[in-house]
file input_0.pdb (PDB, C-alpha atoms and all ligand atoms)
ATOM      1  CA  MET A 928       3.332 -15.350   2.829  1.00  0.00           C
ATOM      2  CA  TYR A 929       4.419 -11.766   2.332  1.00  0.00           C
ATOM      3  CA  ALA A 930       6.320  -9.718   4.900  1.00  0.00           C
ATOM      4  CA  LEU A 931       7.726  -6.226   5.218  1.00  0.00           C
ATOM      5  CA  SER A 932      11.469  -6.329   4.811  1.00  0.00           C
ATOM      6  CA  GLU A 933      13.694  -4.391   7.177  1.00  0.00           C
ATOM      7  CA  ALA A 934      14.461  -1.973   4.348  1.00  0.00           C
ATOM      8  CA  MET A 935      10.769  -1.099   4.061  1.00  0.00           C
ATOM      9  CA  LEU A 936      10.345   0.092   7.638  1.00  0.00           C
ATOM     10  CA  THR A 937       9.889   3.831   8.025  1.00  0.00           C
ATOM     11  CA  GLY A 938      10.646   3.980  11.742  1.00  0.00           C
ATOM     12  CA  VAL A 939       7.349   5.831  12.295  1.00  0.00           C
ATOM     13  CA  PRO A 940       5.429   3.303  14.422  1.00  0.00           C
ATOM     14  CA  GLN A 941       1.944   4.279  13.239  1.00  0.00           C
ATOM     15  CA  LEU A 942       2.910   4.138   9.546  1.00  0.00           C
ATOM     16  CA  ASP A 943       4.775   0.859   9.968  1.00  0.00           C
ATOM     17  CA  GLY A 944       1.791  -0.612  11.840  1.00  0.00           C
ATOM     18  CA  GLU A 945      -0.565   0.372   9.046  1.00  0.00           C
ATOM     19  CA  HIS A 946       1.801  -0.955   6.372  1.00  0.00           C
ATOM     20  CA  GLN A 947       1.954  -4.187   8.356  1.00  0.00           C
ATOM     21  CA  ASP A 948      -1.863  -4.427   8.427  1.00  0.00           C
ATOM     22  CA  LEU A 949      -1.918  -4.007   4.643  1.00  0.00           C
ATOM     23  CA  VAL A 950       0.548  -6.883   4.275  1.00  0.00           C
ATOM     24  CA  LEU A 951      -1.618  -9.033   6.568  1.00  0.00           C
ATOM     25  CA  CYS A 952      -4.602  -8.298   4.348  1.00  0.00           C
ATOM     26  CA  ILE A 953      -2.620  -9.396   1.276  1.00  0.00           C
ATOM     27  CA  ASN A 954      -1.706 -12.641   3.051  1.00  0.00           C
ATOM     28  CA  ARG A 955      -5.386 -13.338   3.746  1.00  0.00           C
ATOM     29  CA  LEU A 956      -6.042 -12.576   0.088  1.00  0.00           C
ATOM     30  CA  GLU A 957      -3.414 -15.093  -0.902  1.00  0.00           C
ATOM     31  CA  ASP A 958      -5.102 -17.766   1.233  1.00  0.00           C
ATOM     32  CA  ALA A 959      -8.511 -17.018  -0.281  1.00  0.00           C
ATOM     33  CA  GLU A 960      -6.977 -17.143  -3.719  1.00  0.00           C
ATOM     34  CA  ARG A 961      -5.364 -20.489  -3.006  1.00  0.00           C
ATOM     35  CA  ASN A 962      -8.789 -21.777  -1.918  1.00  0.00           C
ATOM     36  CA  GLY A 963     -10.277 -20.523  -5.178  1.00  0.00           C
ATOM     37  CA  ASP A 964     -12.771 -18.443  -3.192  1.00  0.00           C
ATOM     38  CA  LEU A 965     -13.592 -15.564  -5.556  1.00  0.00           C
ATOM     39  CA  ALA A 966     -16.214 -13.997  -3.271  1.00  0.00           C
ATOM     40  CA  GLU A 967     -13.736 -13.901  -0.399  1.00  0.00           C
ATOM     41  CA  VAL A 968     -11.011 -12.495  -2.670  1.00  0.00           C
ATOM     42  CA  LEU A 969     -13.359  -9.683  -3.721  1.00  0.00           C
ATOM     43  CA  ARG A 970     -14.352  -9.041  -0.106  1.00  0.00           C
ATOM     44  CA  LEU A 971     -10.699  -8.828   0.953  1.00  0.00           C
ATOM     45  CA  LEU A 972      -9.831  -6.593  -2.000  1.00  0.00           C
ATOM     46  CA  ALA A 973     -12.539  -4.184  -0.814  1.00  0.00           C
ATOM     47  CA  ILE A 974     -11.033  -4.263   2.691  1.00  0.00           C
ATOM     48  CA  PHE A 975      -7.550  -3.773   1.221  1.00  0.00           C
ATOM     49  CA  LYS A 976      -8.780  -0.784  -0.765  1.00  0.00           C
ATOM     50  CA  SER A 977     -10.408   0.945   2.195  1.00  0.00           C
ATOM     51  CA  GLY A 978      -7.367   0.177   4.359  1.00  0.00           C
ATOM     52  CA  LEU A 979      -5.129   1.722   1.712  1.00  0.00           C
ATOM     53  CA  ALA A 980      -7.368   4.770   1.296  1.00  0.00           C
ATOM     54  CA  GLU A 981      -7.490   5.406   5.059  1.00  0.00           C
ATOM     55  CA  HIS A 982      -3.756   4.906   5.354  1.00  0.00           C
ATOM     56  CA  PHE A 983      -3.084   7.293   2.462  1.00  0.00           C
ATOM     57  CA  ALA A 984      -5.276   9.982   4.021  1.00  0.00           C
ATOM     58  CA  ARG A 985      -3.524   9.711   7.393  1.00  0.00           C
ATOM     59  CA  GLU A 986      -0.103   9.624   5.774  1.00  0.00           C
ATOM     60  CA  GLU A 987      -0.822  12.685   3.635  1.00  0.00           C
ATOM     61  CA  ALA A 988      -1.903  14.553   6.780  1.00  0.00           C
ATOM     62  CA  TYR A 989       1.390  13.542   8.397  1.00  0.00           C
ATOM     63  CA  LEU A 990       3.387  14.668   5.339  1.00  0.00           C
ATOM     64  CA  GLY A 991       1.622  18.024   5.510  1.00  0.00           C
ATOM     65  CA  LEU A 992       2.525  18.282   9.177  1.00  0.00           C
ATOM     66  CA  ILE A 993       6.222  17.730   8.521  1.00  0.00           C
ATOM     67  CA  SER A 994       6.054  19.997   5.414  1.00  0.00           C
ATOM     68  CA  PHE A 995       7.235  17.303   3.019  1.00  0.00           C
ATOM     69  CA  PRO A 996       8.055  19.270  -0.173  1.00  0.00           C
ATOM     70  CA  ARG A 997       6.884  16.585  -2.631  1.00  0.00           C
ATOM     71  CA  LEU A 998       3.534  15.958  -0.957  1.00  0.00           C
ATOM     72  CA  ASP A 999       1.593  16.591  -4.206  1.00  0.00           C
ATOM     73  CA  ALA A1000       3.552  14.004  -6.185  1.00  0.00           C
ATOM     74  CA  HIS A1001       3.301  11.568  -3.281  1.00  0.00           C
ATOM     75  CA  ALA A1002      -0.456  12.027  -2.994  1.00  0.00           C
ATOM     76  CA  LYS A1003      -0.786  11.636  -6.773  1.00  0.00           C
ATOM     77  CA  HIS A1004       0.953   8.278  -6.569  1.00  0.00           C
ATOM     78  CA  HIS A1005      -1.430   7.294  -3.763  1.00  0.00           C
ATOM     79  CA  SER A1006      -4.470   8.041  -5.935  1.00  0.00           C
ATOM     80  CA  GLU A1007      -2.965   6.250  -8.931  1.00  0.00           C
ATOM     81  CA  THR A1008      -2.493   3.212  -6.708  1.00  0.00           C
ATOM     82  CA  ILE A1009      -6.185   3.226  -5.763  1.00  0.00           C
ATOM     83  CA  VAL A1010      -7.141   3.528  -9.452  1.00  0.00           C
ATOM     84  CA  ALA A1011      -4.861   0.598 -10.353  1.00  0.00           C
ATOM     85  CA  LEU A1012      -6.456  -1.469  -7.599  1.00  0.00           C
ATOM     86  CA  GLU A1013      -9.963  -0.566  -8.785  1.00  0.00           C
ATOM     87  CA  ARG A1014      -8.979  -1.679 -12.291  1.00  0.00           C
ATOM     88  CA  MET A1015      -7.764  -5.016 -10.904  1.00  0.00           C
ATOM     89  CA  VAL A1016     -11.083  -5.528  -9.130  1.00  0.00           C
ATOM     90  CA  GLU A1017     -13.056  -4.664 -12.276  1.00  0.00           C
ATOM     91  CA  GLU A1018     -11.034  -7.092 -14.375  1.00  0.00           C
ATOM     92  CA  LEU A1019     -11.556  -9.813 -11.821  1.00  0.00           C
ATOM     93  CA  GLN A1020     -15.297  -9.153 -11.657  1.00  0.00           C
ATOM     94  CA  ALA A1021     -15.516  -9.148 -15.452  1.00  0.00           C
ATOM     95  CA  GLY A1022     -13.753 -12.510 -15.593  1.00  0.00           C
ATOM     96  CA  ALA A1023     -10.873 -10.863 -17.480  1.00  0.00           C
ATOM     97  CA  SER A1024      -8.342 -12.106 -14.956  1.00  0.00           C
ATOM     98  CA  ILE A1025      -8.091 -15.305 -12.977  1.00  0.00           C
ATOM     99  CA  LEU A1026      -7.219 -16.146  -9.393  1.00  0.00           C
ATOM    100  CA  GLY A1027      -3.581 -16.906  -8.727  1.00  0.00           C
ATOM    101  CA  GLU A1028      -1.817 -13.615  -9.283  1.00  0.00           C
ATOM    102  CA  ILE A1029      -3.970 -11.170  -7.356  1.00  0.00           C
ATOM    103  CA  ALA A1030      -2.132 -11.200  -4.013  1.00  0.00           C
ATOM    104  CA  ALA A1031       1.234 -11.143  -5.809  1.00  0.00           C
ATOM    105  CA  GLN A1032       0.132  -8.125  -7.846  1.00  0.00           C
ATOM    106  CA  CYS A1033      -1.144  -6.349  -4.738  1.00  0.00           C
ATOM    107  CA  PHE A1034       2.180  -6.886  -3.026  1.00  0.00           C
ATOM    108  CA  ASN A1035       4.720  -6.633  -5.841  1.00  0.00           C
ATOM    109  CA  GLU A1036       3.119  -4.029  -8.043  1.00  0.00           C
ATOM    110  CA  LEU A1037       1.084  -1.925  -5.643  1.00  0.00           C
ATOM    111  CA  LEU A1038       2.393  -2.105  -2.087  1.00  0.00           C
ATOM    112  CA  GLN A1039       6.103  -2.281  -2.905  1.00  0.00           C
ATOM    113  CA  ALA A1040       5.820   0.851  -5.048  1.00  0.00           C
ATOM    114  CA  VAL A1041       3.878   2.598  -2.291  1.00  0.00           C
ATOM    115  CA  LEU A1042       6.543   1.675   0.271  1.00  0.00           C
ATOM    116  CA  LEU A1043       9.368   2.813  -2.005  1.00  0.00           C
ATOM    117  CA  MET A1044       7.709   6.221  -2.247  1.00  0.00           C
ATOM    118  CA  ASP A1045       7.428   6.297   1.545  1.00  0.00           C
ATOM    119  CA  MET A1046      11.164   5.645   1.820  1.00  0.00           C
ATOM    120  CA  GLN A1047      11.785   8.880  -0.106  1.00  0.00           C
ATOM    121  CA  VAL A1048       9.988  10.667   2.707  1.00  0.00           C
ATOM    122  CA  ILE A1049      12.100   8.911   5.313  1.00  0.00           C
ATOM    123  CA  ASN A1050      15.321   9.755   3.482  1.00  0.00           C
ATOM    124  CA  TRP A1051      14.276  13.379   3.118  1.00  0.00           C
ATOM    125  CA  ARG A1052      13.458  13.548   6.825  1.00  0.00           C
ATOM    126  CA  ALA A1053      16.795  11.980   7.782  1.00  0.00           C
ATOM    127  CA  ASP A1054      18.716  14.440   5.553  1.00  0.00           C
ATOM    128  CA  ARG A1055      16.886  17.356   7.104  1.00  0.00           C
ATOM    129  CA  GLN A1056      17.671  16.114  10.604  1.00  0.00           C
ATOM    130  CA  LEU A1057      21.339  15.728   9.639  1.00  0.00           C
ATOM    131  CA  ALA A1058      21.282  19.318   8.399  1.00  0.00           C
ATOM    132  CA  GLY A1059      19.968  20.304  11.816  1.00  0.00           C
ATOM    133  CA  ALA A1060      16.628  21.587  10.526  1.00  0.00           C
TER     134      ALA A1060
HETATM  135 FE    FE A1101       2.795   6.945   0.897  1.00  0.00          FE
HETATM  136 FE    FE A1102       2.534   4.505   3.504  1.00  0.00          FE
END

call {"tool": "encode", "arguments": {"input": "input_0.pdb", "output": "structure tokens"}}
result
Amino acid sequence: MYALSEAMLTGVPQLDGEHQDLVLCINRLEDAERNGDLAEVLRLLAIFKSGLAEHFAREEAYLGLISFPRLDAHAKHHSETIVALERMVEELQAGASILGEIAAQCFNELLQAVLLMDMQVINWRADRQLAGA
């Protein structure tokens, strides 16, 4: 079971809610993986991918709204994450990877990195507020 740690909360309710939904999806993936249900794993990976893509789009709109200066780099990392996920799905479909590590990879390699990038936004915002901007 994966969970968002306190340190990974942005304090923006909508973003935290969406991050939470992504974690829930990974937990369902983990269950399907444990049951050896490849079809269900692939179905959940597709849901995870569209959830991520929708979240990224909304988040990028929000970053534009608050004039986040590193929006381009942030958005680039978002698209690289989708590409990495697509590669994982392809490898799984091609039989090049086996069930057992998929949920862990989604959480540890993809989502954690995504959340770390989001924390840069939160730190930037907090600094700006401290500066009275
Ligand atoms: Fe992000
Ligand atoms: Fe995010």

call {"tool": "residues_near_ligand", "arguments": {"input": "input_0.pdb", "ligand": "ligand FE 1102 (chain A)", "cutoff": "12 Å", "atoms": "only C-alpha atoms and all ligand atoms", "output": "PyMOL selection string"}}
result
chain A and resi 935-950+978-990+1001-1002+1004-1005+1008+1037-1049

call {"tool": "write_last_selection", "arguments": {"input": "input_0.pdb", "atoms": "C-alpha atoms", "output": "compact mmCIF listing (two decimals), in the coordinates of the input"}}
result
# COMPACT_ATOMS: atom_id res chain seq x y z
CA MET A 935 10.77 -1.10 4.06
CA LEU A 936 10.34 0.09 7.64
CA THR A 937 9.89 3.83 8.02
CA GLY A 938 10.65 3.98 11.74
CA VAL A 939 7.35 5.83 12.30
CA PRO A 940 5.43 3.30 14.42
CA GLN A 941 1.94 4.28 13.24
CA LEU A 942 2.91 4.14 9.55
CA ASP A 943 4.78 0.86 9.97
CA GLY A 944 1.79 -0.61 11.84
CA GLU A 945 -0.56 0.37 9.05
CA HIS A 946 1.80 -0.96 6.37
CA GLN A 947 1.95 -4.19 8.36
CA ASP A 948 -1.86 -4.43 8.43
CA LEU A 949 -1.92 -4.01 4.64
CA VAL A 950 0.55 -6.88 4.28
CA GLY A 978 -7.37 0.18 4.36
CA LEU A 979 -5.13 1.72 1.71
CA ALA A 980 -7.37 4.77 1.30
CA GLU A 981 -7.49 5.41 5.06
CA HIS A 982 -3.76 4.91 5.35
CA PHE A 983 -3.08 7.29 2.46
CA ALA A 984 -5.28 9.98 4.02
CA ARG A 985 -3.52 9.71 7.39
CA GLU A 986 -0.10 9.62 5.77
CA GLU A 987 -0.82 12.68 3.64
CA ALA A 988 -1.90 14.55 6.78
CA TYR A 989 1.39 13.54 8.40
CA LEU A 990 3.39 14.67 5.34
CA HIS A 1001 3.30 11.57 -3.28
CA ALA A 1002 -0.46 12.03 -2.99
CA HIS A 1004 0.95 8.28 -6.57
CA HIS A 1005 -1.43 7.29 -3.76
CA THR A 1008 -2.49 3.21 -6.71
CA LEU A 1037 1.08 -1.92 -5.64
CA LEU A 1038 2.39 -2.10 -2.09
CA GLN A 1039 6.10 -2.28 -2.90
CA ALA A 1040 5.82 0.85 -5.05
CA VAL A 1041 3.88 2.60 -2.29
CA LEU A 1042 6.54 1.68 0.27
CA LEU A 1043 9.37 2.81 -2.00
CA MET A 1044 7.71 6.22 -2.25
CA ASP A 1045 7.43 6.30 1.54
CA MET A 1046 11.16 5.64 1.82
CA GLN A 1047 11.78 8.88 -0.11
CA VAL A 1048 9.99 10.67 2.71
CA ILE A 1049 12.10 8.91 5.31

call {"tool": "closest_residue", "arguments": {"input": "input_0.pdb", "among": "A:Ala1000, A:Ala1058, A:Ile1029, A:Ala1021", "to": "ligand FE 1101 (chain A)", "atoms": "only C-alpha atoms and all ligand atoms"}}
result
A:Ala1000

call {"tool": "closest_residue", "arguments": {"input": "input_0.pdb", "among": "A:Leu998, A:Ala973, A:Leu956, A:Ala1031", "to": "Val1016 (chain A)", "atoms": "all atoms listed in the file"}}
result
A:Ala973

call {"tool": "atom_distance", "arguments": {"input": "input_0.pdb", "atom1": "CA of Leu969 (chain A)", "atom2": "CA of Tyr929 (chain A)"}}
result
18.9 Å

call {"tool": "residues_around", "arguments": {"input": "input_0.pdb", "residues": "region 952-955 of chain A", "least_positions_apart": "2", "cutoff": "8 Å", "atoms": "all atoms listed in the file", "output": "number ranges by chain"}}
result
A: 928-929, 948-950, 957-959, 971, 974-975, 1030, 1033-1034

call {"tool": "write_last_selection", "arguments": {"input": "input_0.pdb", "atoms": "C-alpha atoms", "output": "mmCIF file, in the frame of the given file"}}
result
data_model
loop_
_atom_site.group_PDB
_atom_site.id
_atom_site.type_symbol
_atom_site.label_atom_id
_atom_site.label_comp_id
_atom_site.auth_asym_id
_atom_site.auth_seq_id
_atom_site.Cartn_x
_atom_site.Cartn_y
_atom_site.Cartn_z
ATOM 1 C CA MET A 928 3.332 -15.350 2.829
ATOM 2 C CA TYR A 929 4.419 -11.766 2.332
ATOM 3 C CA ASP A 948 -1.863 -4.427 8.427
ATOM 4 C CA LEU A 949 -1.918 -4.007 4.643
ATOM 5 C CA VAL A 950 0.548 -6.883 4.275
ATOM 6 C CA GLU A 957 -3.414 -15.093 -0.902
ATOM 7 C CA ASP A 958 -5.102 -17.766 1.233
ATOM 8 C CA ALA A 959 -8.511 -17.018 -0.281
ATOM 9 C CA LEU A 971 -10.699 -8.828 0.953
ATOM 10 C CA ILE A 974 -11.033 -4.263 2.691
ATOM 11 C CA PHE A 975 -7.550 -3.773 1.221
ATOM 12 C CA ALA A 1030 -2.132 -11.200 -4.013
ATOM 13 C CA CYS A 1033 -1.144 -6.349 -4.738
ATOM 14 C CA PHE A 1034 2.180 -6.886 -3.026
#

call {"tool": "closest_residue", "arguments": {"input": "input_0.pdb", "among": "A:Ala1023, A:Ile1009, A:Met1015, A:Ala966", "to": "ligand FE 1101 (chain A)", "atoms": "all atoms listed in the file"}}
result
A:Ile1009

call {"tool": "atom_distance", "arguments": {"input": "input_0.pdb", "atom1": "CA of Gly1027 (chain A)", "atom2": "CA of Arg961 (chain A)"}}
result
7.0 Å

call {"tool": "atom_distance", "arguments": {"input": "input_0.pdb", "atom1": "atom FE of ligand FE 1101 (chain A)", "atom2": "CA of Ser1006 (chain A)"}}
result
10.0 Å

call {"tool": "axis_aligned_box", "arguments": {"input": "input_0.pdb", "around": "region 929-936 of chain A", "padding_each_side": "5 Å", "output": "lines of an AutoDock Vina configuration file"}}
result
center_x = 9.4
center_y = -5.8
center_z = 5.0
size_x = 20.0
size_y = 21.9
size_z = 15.3

call {"tool": "closest_residue", "arguments": {"input": "input_0.pdb", "among": "A:Gln1020, A:Glu1007, A:Asn1035, A:Asp1054", "to": "Arg970 (chain A)", "atoms": "all atoms listed in the file"}}
result
A:Gln1020
